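Pasting run_20.cif here (mmCIF, N, CA and C atoms):
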data_run
loop_
_atom_site.label_atom_id
_atom_site.label_comp_id
_atom_site.auth_asym_id
_atom_site.auth_seq_id
_atom_site.Cartn_x
_atom_site.Cartn_y
_atom_site.Cartn_z
N MET A 8 -5.93 -4.73 16.13
CA MET A 8 -6.62 -3.68 15.41
C MET A 8 -5.81 -3.30 14.17
N PRO A 9 -6.43 -3.33 13.00
CA PRO A 9 -5.69 -3.01 11.77
C PRO A 9 -5.38 -1.52 11.66
N SER A 10 -4.25 -1.23 11.01
CA SER A 10 -3.91 0.14 10.65
C SER A 10 -4.33 0.34 9.20
N VAL A 11 -4.85 1.51 8.89
CA VAL A 11 -5.40 1.77 7.56
C VAL A 11 -4.77 3.04 6.99
N LEU A 12 -4.43 2.97 5.71
CA LEU A 12 -3.86 4.11 5.00
C LEU A 12 -4.61 4.25 3.68
N ASP A 13 -5.15 5.44 3.42
CA ASP A 13 -5.81 5.70 2.13
C ASP A 13 -4.74 5.83 1.06
N VAL A 14 -5.03 5.30 -0.12
CA VAL A 14 -4.10 5.37 -1.25
C VAL A 14 -4.71 6.30 -2.29
N TRP A 15 -3.91 7.29 -2.71
CA TRP A 15 -4.37 8.31 -3.65
C TRP A 15 -3.56 8.26 -4.94
N LEU A 16 -4.21 8.58 -6.05
CA LEU A 16 -3.57 8.65 -7.36
C LEU A 16 -4.24 9.78 -8.14
N PHE A 17 -3.43 10.69 -8.68
CA PHE A 17 -3.98 11.82 -9.44
C PHE A 17 -5.04 12.59 -8.64
N ASN A 18 -4.80 12.82 -7.37
CA ASN A 18 -5.72 13.55 -6.48
C ASN A 18 -7.04 12.83 -6.24
N TYR A 19 -7.09 11.54 -6.50
CA TYR A 19 -8.28 10.74 -6.24
C TYR A 19 -7.94 9.64 -5.26
N ARG A 20 -8.83 9.42 -4.32
CA ARG A 20 -8.67 8.29 -3.41
C ARG A 20 -9.06 7.04 -4.19
N VAL A 21 -8.11 6.10 -4.33
CA VAL A 21 -8.35 4.93 -5.19
C VAL A 21 -8.47 3.62 -4.42
N GLY A 22 -8.02 3.60 -3.18
CA GLY A 22 -8.09 2.35 -2.44
C GLY A 22 -7.63 2.50 -1.01
N THR A 23 -7.56 1.35 -0.33
CA THR A 23 -7.18 1.31 1.07
C THR A 23 -6.12 0.24 1.29
N LEU A 24 -5.04 0.65 1.92
CA LEU A 24 -3.96 -0.26 2.31
C LEU A 24 -4.11 -0.53 3.80
N ARG A 25 -4.12 -1.80 4.17
CA ARG A 25 -4.28 -2.18 5.58
C ARG A 25 -3.10 -3.01 6.04
N LEU A 26 -2.78 -2.85 7.30
CA LEU A 26 -1.79 -3.68 7.96
C LEU A 26 -2.49 -4.35 9.12
N THR A 27 -2.67 -5.67 9.04
CA THR A 27 -3.35 -6.44 10.06
C THR A 27 -2.46 -7.59 10.48
N GLU A 28 -2.09 -7.61 11.75
CA GLU A 28 -1.23 -8.66 12.29
C GLU A 28 0.03 -8.85 11.44
N GLY A 29 0.62 -7.73 11.02
CA GLY A 29 1.87 -7.76 10.27
C GLY A 29 1.75 -8.08 8.80
N ARG A 30 0.54 -8.20 8.30
CA ARG A 30 0.33 -8.53 6.88
C ARG A 30 -0.40 -7.39 6.18
N LEU A 31 0.06 -7.07 4.97
CA LEU A 31 -0.57 -6.01 4.17
C LEU A 31 -1.70 -6.57 3.31
N SER A 32 -2.69 -5.73 3.07
CA SER A 32 -3.72 -6.03 2.09
C SER A 32 -4.13 -4.70 1.44
N PHE A 33 -4.59 -4.77 0.22
CA PHE A 33 -5.01 -3.58 -0.50
C PHE A 33 -6.25 -3.92 -1.31
N CYS A 34 -7.16 -2.95 -1.36
CA CYS A 34 -8.36 -3.12 -2.18
C CYS A 34 -8.68 -1.78 -2.83
N TYR A 35 -8.93 -1.82 -4.14
CA TYR A 35 -9.39 -0.63 -4.83
C TYR A 35 -10.81 -0.31 -4.36
N LEU A 36 -11.14 0.97 -4.32
CA LEU A 36 -12.50 1.39 -4.01
C LEU A 36 -13.40 1.10 -5.21
N VAL A 37 -14.62 0.69 -4.94
CA VAL A 37 -15.59 0.43 -6.01
C VAL A 37 -15.82 1.70 -6.82
N THR A 38 -15.83 2.84 -6.14
CA THR A 38 -16.04 4.11 -6.85
C THR A 38 -14.91 4.39 -7.83
N TRP A 39 -13.69 3.95 -7.51
CA TRP A 39 -12.56 4.15 -8.43
C TRP A 39 -12.66 3.18 -9.61
N ILE A 40 -12.98 1.94 -9.34
CA ILE A 40 -13.11 0.94 -10.42
C ILE A 40 -14.21 1.35 -11.40
N ASN A 41 -15.30 1.92 -10.86
CA ASN A 41 -16.43 2.32 -11.70
C ASN A 41 -16.28 3.72 -12.28
N ASN A 42 -15.18 4.39 -12.00
CA ASN A 42 -14.89 5.71 -12.54
C ASN A 42 -14.87 5.63 -14.07
N THR A 43 -15.10 6.74 -14.74
CA THR A 43 -15.11 6.73 -16.20
C THR A 43 -13.74 6.46 -16.81
N ASN A 44 -12.67 6.76 -16.08
CA ASN A 44 -11.32 6.53 -16.59
C ASN A 44 -10.39 6.05 -15.48
N PRO A 45 -10.67 4.87 -14.90
CA PRO A 45 -9.83 4.40 -13.80
C PRO A 45 -8.47 3.94 -14.30
N THR A 46 -7.47 4.10 -13.45
CA THR A 46 -6.11 3.69 -13.76
C THR A 46 -5.62 2.79 -12.65
N ALA A 47 -4.97 1.70 -13.01
CA ALA A 47 -4.38 0.81 -12.02
C ALA A 47 -3.12 1.45 -11.45
N LEU A 48 -2.80 1.15 -10.22
CA LEU A 48 -1.57 1.65 -9.61
C LEU A 48 -0.34 1.11 -10.31
N SER A 49 -0.45 -0.11 -10.80
CA SER A 49 0.69 -0.79 -11.40
C SER A 49 0.16 -1.94 -12.25
N SER A 50 0.96 -2.40 -13.19
CA SER A 50 0.56 -3.59 -13.96
C SER A 50 0.51 -4.82 -13.05
N SER A 51 1.25 -4.78 -11.95
CA SER A 51 1.21 -5.90 -11.00
C SER A 51 0.00 -5.81 -10.06
N LEU A 52 -0.71 -4.68 -10.09
CA LEU A 52 -1.92 -4.48 -9.28
C LEU A 52 -3.06 -4.01 -10.18
N PRO A 53 -3.51 -4.87 -11.10
CA PRO A 53 -4.54 -4.47 -12.05
C PRO A 53 -5.86 -4.13 -11.35
N LEU A 54 -6.69 -3.37 -12.03
CA LEU A 54 -8.01 -3.02 -11.47
C LEU A 54 -8.82 -4.28 -11.26
N GLN A 55 -9.25 -4.47 -10.03
CA GLN A 55 -10.10 -5.61 -9.68
C GLN A 55 -10.76 -5.33 -8.34
N SER A 56 -11.87 -5.98 -8.09
CA SER A 56 -12.56 -5.78 -6.81
C SER A 56 -12.02 -6.70 -5.72
N GLU A 57 -11.28 -7.73 -6.10
CA GLU A 57 -10.71 -8.65 -5.11
C GLU A 57 -9.56 -7.98 -4.36
N ILE A 58 -9.33 -8.44 -3.15
CA ILE A 58 -8.27 -7.90 -2.30
C ILE A 58 -6.93 -8.48 -2.70
N PHE A 59 -5.91 -7.62 -2.77
CA PHE A 59 -4.54 -8.06 -3.02
C PHE A 59 -3.91 -8.42 -1.68
N ASP A 60 -3.11 -9.47 -1.67
CA ASP A 60 -2.50 -9.91 -0.42
C ASP A 60 -1.08 -9.37 -0.25
N ASP A 61 -0.53 -9.63 0.91
CA ASP A 61 0.79 -9.16 1.30
C ASP A 61 1.86 -9.51 0.26
N TYR A 62 1.83 -10.72 -0.22
CA TYR A 62 2.83 -11.20 -1.19
C TYR A 62 2.80 -10.37 -2.47
N GLN A 63 1.63 -10.00 -2.93
CA GLN A 63 1.48 -9.21 -4.16
C GLN A 63 1.87 -7.75 -3.95
N LEU A 64 1.72 -7.23 -2.74
CA LEU A 64 1.87 -5.80 -2.48
C LEU A 64 3.27 -5.35 -2.15
N ARG A 65 4.04 -6.15 -1.46
CA ARG A 65 5.35 -5.71 -0.97
C ARG A 65 6.29 -5.23 -2.08
N PRO A 66 6.37 -5.90 -3.22
CA PRO A 66 7.27 -5.39 -4.26
C PRO A 66 6.89 -3.97 -4.73
N PHE A 67 5.61 -3.70 -4.89
CA PHE A 67 5.18 -2.39 -5.37
C PHE A 67 5.33 -1.32 -4.30
N PHE A 68 4.72 -1.50 -3.14
CA PHE A 68 4.74 -0.48 -2.11
C PHE A 68 6.13 -0.31 -1.49
N GLY A 69 6.92 -1.37 -1.46
CA GLY A 69 8.27 -1.27 -0.93
C GLY A 69 9.15 -0.35 -1.73
N LYS A 70 8.92 -0.28 -3.04
CA LYS A 70 9.71 0.59 -3.91
C LYS A 70 9.33 2.07 -3.77
N LEU A 71 8.21 2.34 -3.13
CA LEU A 71 7.78 3.72 -2.94
C LEU A 71 8.48 4.40 -1.77
N LEU A 72 8.99 3.60 -0.84
CA LEU A 72 9.67 4.17 0.32
C LEU A 72 11.10 4.54 -0.03
N PRO A 73 11.62 5.60 0.60
CA PRO A 73 13.01 5.96 0.36
C PRO A 73 13.97 4.88 0.85
N LYS A 74 15.17 4.90 0.34
CA LYS A 74 16.19 3.91 0.72
C LYS A 74 17.16 4.53 1.73
N GLY A 75 17.92 3.67 2.36
CA GLY A 75 19.01 4.10 3.24
C GLY A 75 18.56 4.88 4.45
N ASN A 76 19.30 5.94 4.76
CA ASN A 76 19.07 6.72 5.97
C ASN A 76 17.73 7.46 5.99
N MET A 77 17.12 7.65 4.84
CA MET A 77 15.85 8.38 4.79
C MET A 77 14.64 7.49 5.09
N ARG A 78 14.82 6.18 5.08
CA ARG A 78 13.69 5.29 5.29
C ARG A 78 13.15 5.38 6.72
N LYS A 79 14.03 5.38 7.71
CA LYS A 79 13.57 5.39 9.11
C LYS A 79 12.74 6.62 9.45
N PRO A 80 13.20 7.85 9.13
CA PRO A 80 12.36 9.02 9.43
C PRO A 80 11.03 8.99 8.68
N THR A 81 11.05 8.49 7.46
CA THR A 81 9.80 8.40 6.70
C THR A 81 8.85 7.43 7.37
N CYS A 82 9.36 6.30 7.79
CA CYS A 82 8.53 5.30 8.46
C CYS A 82 7.97 5.86 9.77
N GLN A 83 8.77 6.60 10.50
CA GLN A 83 8.31 7.17 11.76
C GLN A 83 7.23 8.23 11.53
N ALA A 84 7.26 8.88 10.40
CA ALA A 84 6.27 9.90 10.08
C ALA A 84 4.91 9.31 9.73
N ILE A 85 4.88 8.05 9.39
CA ILE A 85 3.62 7.39 9.04
C ILE A 85 3.02 6.83 10.32
N SER A 86 2.31 7.66 11.03
CA SER A 86 1.85 7.31 12.37
C SER A 86 0.76 6.24 12.39
N ASN A 87 0.05 6.03 11.30
CA ASN A 87 -1.02 5.04 11.29
C ASN A 87 -0.52 3.61 11.15
N PHE A 88 0.77 3.45 10.84
CA PHE A 88 1.32 2.12 10.63
C PHE A 88 2.34 1.78 11.70
N ASN A 89 2.49 0.52 11.98
CA ASN A 89 3.52 0.03 12.87
C ASN A 89 4.85 0.26 12.18
N THR A 90 5.70 1.12 12.73
CA THR A 90 6.94 1.54 12.09
C THR A 90 7.84 0.38 11.73
N LYS A 91 8.01 -0.56 12.61
CA LYS A 91 8.91 -1.69 12.35
C LYS A 91 8.46 -2.47 11.12
N ARG A 92 7.18 -2.71 10.97
CA ARG A 92 6.68 -3.51 9.85
C ARG A 92 6.74 -2.75 8.54
N ILE A 93 6.36 -1.49 8.51
CA ILE A 93 6.35 -0.77 7.24
C ILE A 93 7.77 -0.58 6.72
N CYS A 94 8.74 -0.50 7.60
CA CYS A 94 10.12 -0.32 7.17
C CYS A 94 10.65 -1.58 6.49
N THR A 95 9.99 -2.70 6.66
CA THR A 95 10.44 -3.94 6.02
C THR A 95 9.60 -4.29 4.80
N ILE A 96 8.75 -3.39 4.33
CA ILE A 96 7.92 -3.69 3.17
C ILE A 96 8.76 -4.11 1.98
N GLY A 97 9.86 -3.45 1.73
CA GLY A 97 10.69 -3.78 0.58
C GLY A 97 11.59 -4.97 0.80
N SER A 98 11.55 -5.52 1.97
CA SER A 98 12.41 -6.65 2.30
C SER A 98 11.96 -7.92 1.59
N THR A 99 12.88 -8.82 1.33
CA THR A 99 12.52 -10.10 0.72
C THR A 99 12.09 -11.10 1.78
N ARG A 100 12.32 -10.76 3.06
CA ARG A 100 11.87 -11.64 4.14
C ARG A 100 10.38 -11.55 4.25
N ARG A 101 9.74 -12.66 4.64
CA ARG A 101 8.29 -12.68 4.79
C ARG A 101 7.92 -12.95 6.20
#
Show how you would write the structure in this file as structure tokens.
Amino acid sequence: MPSVLDVWLFNYRVGTLRLTEGRLSFCYLVTWINNTNPTALSSSLPLQSEIFDDYQLRPFFGKLLPKGNMRKPTCQAISNFNTKRICTIGSTRR
């Protein structure tokens, strides 16, 4: 069963991040893409209707998590995700 996390930007829900069998995927919402002034999350994640895969996502989302001793409590607080996997998002291991 996949874990799902809504992704928000500027108080708008812009997409959905999923963790399925240890792999991340992200897709922008059609309503966000069709917004009058949509903004991409990153230049590495341009606005598109296609799904981004795990390889494309880890560099961006991994940098959003705190480093060092603060990472574990943050990961544990994200109850919708498998803690062990989300804590390795920034890892270079695949």
### Message
Evaluate the PyMOL selection byres ((chain A and resi 23) around 6) against this structure - the residues, as a VMD selection string, please.
### Response
chain A and resid 12 to 14 21 to 22 24 to 25 32 to 36
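Residues captured in this structure file are Cys34, Tyr35, Leu36, Val37, Ile40, Ala47, Leu52, Pro53, Leu54, Ser56, Glu57, Ile58 and Phe59 of chain A, according to the PyMOL selection byres ((chain A and resi 55) around 8).
Evaluated against this file, the PyMOL selection byres ((chain A and resi 61) around 6) yields Arg30, Leu31, Ser32, Phe59, Asp60, Tyr62, Gln63, Leu64 and Arg65 of chain A.
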Every residue of region 11-64 of chain A that DSSP places in helix (DSSP H, G or I), as a CSV table (one decimal) with N, CA and C atoms, in the frame of the given file:
chain,number,residue,atom,x,y,z
A,37,VAL,N,-14.6,0.7,-4.9
A,37,VAL,CA,-15.6,0.4,-6.0
A,37,VAL,C,-15.8,1.7,-6.8
A,38,THR,N,-15.8,2.8,-6.1
A,38,THR,CA,-16.0,4.1,-6.8
A,38,THR,C,-14.9,4.4,-7.8
A,39,TRP,N,-13.7,4.0,-7.5
A,39,TRP,CA,-12.6,4.2,-8.4
A,39,TRP,C,-12.7,3.2,-9.6
A,40,ILE,N,-13.0,1.9,-9.3
A,40,ILE,CA,-13.1,0.9,-10.4
A,40,ILE,C,-14.2,1.4,-11.4
A,61,ASP,N,-0.5,-9.6,0.9
A,61,ASP,CA,0.8,-9.2,1.3
A,61,ASP,C,1.9,-9.5,0.3
A,62,TYR,N,1.8,-10.7,-0.2
A,62,TYR,CA,2.8,-11.2,-1.2
A,62,TYR,C,2.8,-10.4,-2.5
A,63,GLN,N,1.6,-10.0,-2.9
A,63,GLN,CA,1.5,-9.2,-4.2
A,63,GLN,C,1.9,-7.8,-4.0
A,64,LEU,N,1.7,-7.2,-2.7
A,64,LEU,CA,1.9,-5.8,-2.5
A,64,LEU,C,3.3,-5.4,-2.2
With all atoms of region 15-27 of chain A from the file as input, state the centre and edge lengths in Å to one decimal of the axis-aligned box that has 6 Å extra on each side, as AutoDock Vina command-line options.
--center_x -5.4 --center_y 3.0 --center_z 0.5 --size_x 19.3 --size_y 33.1 --size_z 31.9
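One distance worth recording is that between CA of Leu26 (chain A) and atom C of Val11 (chain A), which is 7.4 Å.
When atom N of Phe67 (chain A) is paired with atom N of Leu48 (chain A), their separation reads 11.1 Å.
If you look at CA of Thr46 (chain A) and CA of Leu16 (chain A), they are 8.5 Å away from each other.
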#### Entry: Filtered DSSP result for region 23-71 of chain A, state strand (DSSP E), as a PyMOL selection string
chain A and resi 23-27+30-35
